[in-house]
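Reproduced below: target-v4.txt, with compact mmCIF, C-alpha atoms.
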# COMPACT_ATOMS: atom_id res chain seq x y z
CA LEU A 1 174.54 -72.79 66.79
CA TYR A 2 173.38 -73.00 63.20
CA ALA A 3 173.11 -76.41 61.57
CA PRO A 4 172.79 -75.82 57.80
CA ASP A 5 169.47 -76.99 56.43
CA PHE A 6 170.96 -78.80 53.45
CA ILE A 7 172.70 -81.12 55.90
CA ASN A 8 169.78 -81.49 58.30
CA ASN A 9 167.33 -82.15 55.47
CA ALA A 10 169.58 -84.58 53.60
CA GLY A 11 167.59 -87.52 54.94
CA GLY A 12 164.71 -86.83 52.58
CA VAL A 13 166.97 -86.70 49.54
CA ILE A 14 168.79 -89.84 50.67
CA ASN A 15 165.50 -91.66 51.20
CA ILE A 16 164.30 -90.73 47.71
CA SER A 17 167.60 -91.86 46.17
CA VAL A 18 167.17 -95.30 47.73
CA GLU A 19 163.74 -95.59 46.09
CA PHE A 20 165.29 -95.54 42.61
CA THR A 21 166.82 -98.99 43.05
CA GLY A 22 163.90 -100.59 44.87
CA TYR A 23 163.30 -99.33 48.36
CA ASP A 24 165.42 -100.86 51.10
CA GLU A 25 164.62 -99.42 54.53
CA ALA A 26 167.81 -100.77 56.11
CA LEU A 27 169.94 -99.11 53.42
CA ALA A 28 168.05 -95.83 53.80
CA ARG A 29 168.59 -95.89 57.56
CA GLN A 30 172.27 -96.74 57.13
CA LYS A 31 172.82 -93.86 54.72
CA THR A 32 170.87 -91.33 56.78
CA ALA A 33 172.87 -92.29 59.88
CA GLY A 34 175.83 -90.65 58.13
CA ILE A 35 174.19 -87.24 58.51
CA TYR A 36 175.31 -87.16 62.14
CA ASP A 37 178.95 -87.69 61.12
CA THR A 38 178.68 -85.09 58.38
CA LEU A 39 177.32 -82.50 60.78
CA ARG A 40 180.06 -83.29 63.30
CA SER A 41 182.65 -82.81 60.53
CA VAL A 42 181.15 -79.46 59.58
CA LEU A 43 181.08 -78.29 63.20
CA ALA A 44 184.72 -79.32 63.65
CA ARG A 45 185.68 -77.58 60.43
CA ALA A 46 183.98 -74.38 61.55
CA ARG A 47 185.77 -74.49 64.89
CA ASN A 48 189.17 -75.34 63.39
CA GLN A 49 188.98 -72.72 60.64
CA GLY A 50 187.33 -70.07 62.78
CA VAL A 51 184.41 -69.66 60.40
CA SER A 52 180.64 -69.92 60.73
CA THR A 53 178.97 -73.29 60.35
CA ALA A 54 177.34 -71.98 57.17
CA VAL A 55 180.73 -71.24 55.61
CA ALA A 56 182.10 -74.57 56.81
CA ALA A 57 179.12 -76.44 55.37
CA GLU A 58 179.52 -74.74 52.01
CA GLY A 59 183.21 -75.66 51.98
CA TYR A 60 182.35 -79.25 52.88
CA ALA A 61 179.80 -79.40 50.05
CA GLU A 62 182.29 -77.91 47.58
CA ASP A 63 184.87 -80.52 48.57
CA ARG A 64 182.33 -83.31 48.04
CA LEU A 65 181.39 -81.94 44.61
CA LYS A 66 185.04 -81.73 43.61
CA ALA A 67 185.53 -85.35 44.66
CA VAL A 68 182.58 -86.45 42.52
CA LYS A 69 183.87 -84.43 39.58
CA ALA A 70 187.28 -86.09 39.95
CA MET A 71 185.61 -89.51 39.92
CA LYS A 72 183.72 -88.64 36.74
CA GLN A 73 187.04 -87.75 35.12
CA ILE A 74 188.36 -91.18 36.06
CA TYR A 75 185.17 -92.94 34.96
CA PRO A 76 183.70 -90.80 32.16
CA SER A 77 180.07 -91.41 31.26
CA GLU A 78 179.36 -92.77 27.84
In structure tokens, write the structure found in this file.
Amino acid sequence: LYAPDFINNAGGVINISVEFTGYDEALARQKTAGIYDTLRSVLARARNQGVSTAVAAEGYAEDRLKAVKAMKQIYPSE
């Protein structure tokens, strides 16, 4: 079983992102707890689509990026 590193290592990036607004350990822990759910979603996607976990993780990441892009179109930066 391969768990993609960009999911497993997301905790470090999440922790750093929380530092930008004044570090809040509880918030960092809450956000990093979501990594478990993300990995479960990727594993389910791989199983359901009959693809490797690497391919499923890339598809998951692409979907997330598309969702962010759609939000930026709704709320354009100034």
Item to check | Between CA of Asn15 in chain A and CA of Leu1 in chain A - distance in Å to one decimal | outcome: 26.1 Å
Next on the checklist: I'd like the neighbourhood of range 58-64 of chain A as a list in words, where a residue qualifies if any of its atoms comes within 10 Å (using all atoms listed in the file), though same-chain residues fewer than 2 positions away should be ignored.
Outcome noted: Pro4, Phe6, Ile7, Thr38, Leu39, Ser41, Val42, Arg45, Ala46, Thr53, Ala54, Val55, Ala56, Lys66, Ala67, Val68, Lys69 and Ala70 of chain A
Residues from the last selection, C-alpha atoms, saved as a CSV table (one decimal), in the coordinates of the input:
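Wrote out.csv, looks like this:
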chain,number,residue,atom,x,y,z
A,4,PRO,CA,172.8,-75.8,57.8
A,6,PHE,CA,171.0,-78.8,53.4
A,7,ILE,CA,172.7,-81.1,55.9
A,38,THR,CA,178.7,-85.1,58.4
A,39,LEU,CA,177.3,-82.5,60.8
A,41,SER,CA,182.6,-82.8,60.5
A,42,VAL,CA,181.2,-79.5,59.6
A,45,ARG,CA,185.7,-77.6,60.4
A,46,ALA,CA,184.0,-74.4,61.6
A,53,THR,CA,179.0,-73.3,60.4
A,54,ALA,CA,177.3,-72.0,57.2
A,55,VAL,CA,180.7,-71.2,55.6
A,56,ALA,CA,182.1,-74.6,56.8
A,66,LYS,CA,185.0,-81.7,43.6
A,67,ALA,CA,185.5,-85.4,44.7
A,68,VAL,CA,182.6,-86.4,42.5
A,69,LYS,CA,183.9,-84.4,39.6
A,70,ALA,CA,187.3,-86.1,40.0
Checklist entry - Closest to Val13 in chain A among A:Tyr36, A:Gln49, A:Ala26, A:Lys31, using all atoms listed in the file? => result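 Counting all atoms listed in the file, the residue closest to Val13 in chain A is A:Lys31.
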Checklist entry - For Asn8 in chain A, which of A:Ala28, A:Met71, A:Val51, A:Ala57 is the closest residue, counting only C-alpha atoms? => result A:Ala57
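Between CA of Asp24 in chain A and CA of Gly12 in chain A lies a distance of 14.1 Å.
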Checklist entry - Quick one: distance from CA of Leu43 in chain A to CA of Leu65 in chain A in Å, one decimal? => result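 Spanning CA of Leu43 in chain A to CA of Leu65 in chain A is a straight-line distance of 18.9 Å.
The residue that comes closest to Gly11 in chain A, out of A:Asp37, A:Tyr23, A:Asn48, A:Thr32 and on the basis of all atoms listed in the file, is A:Thr32.
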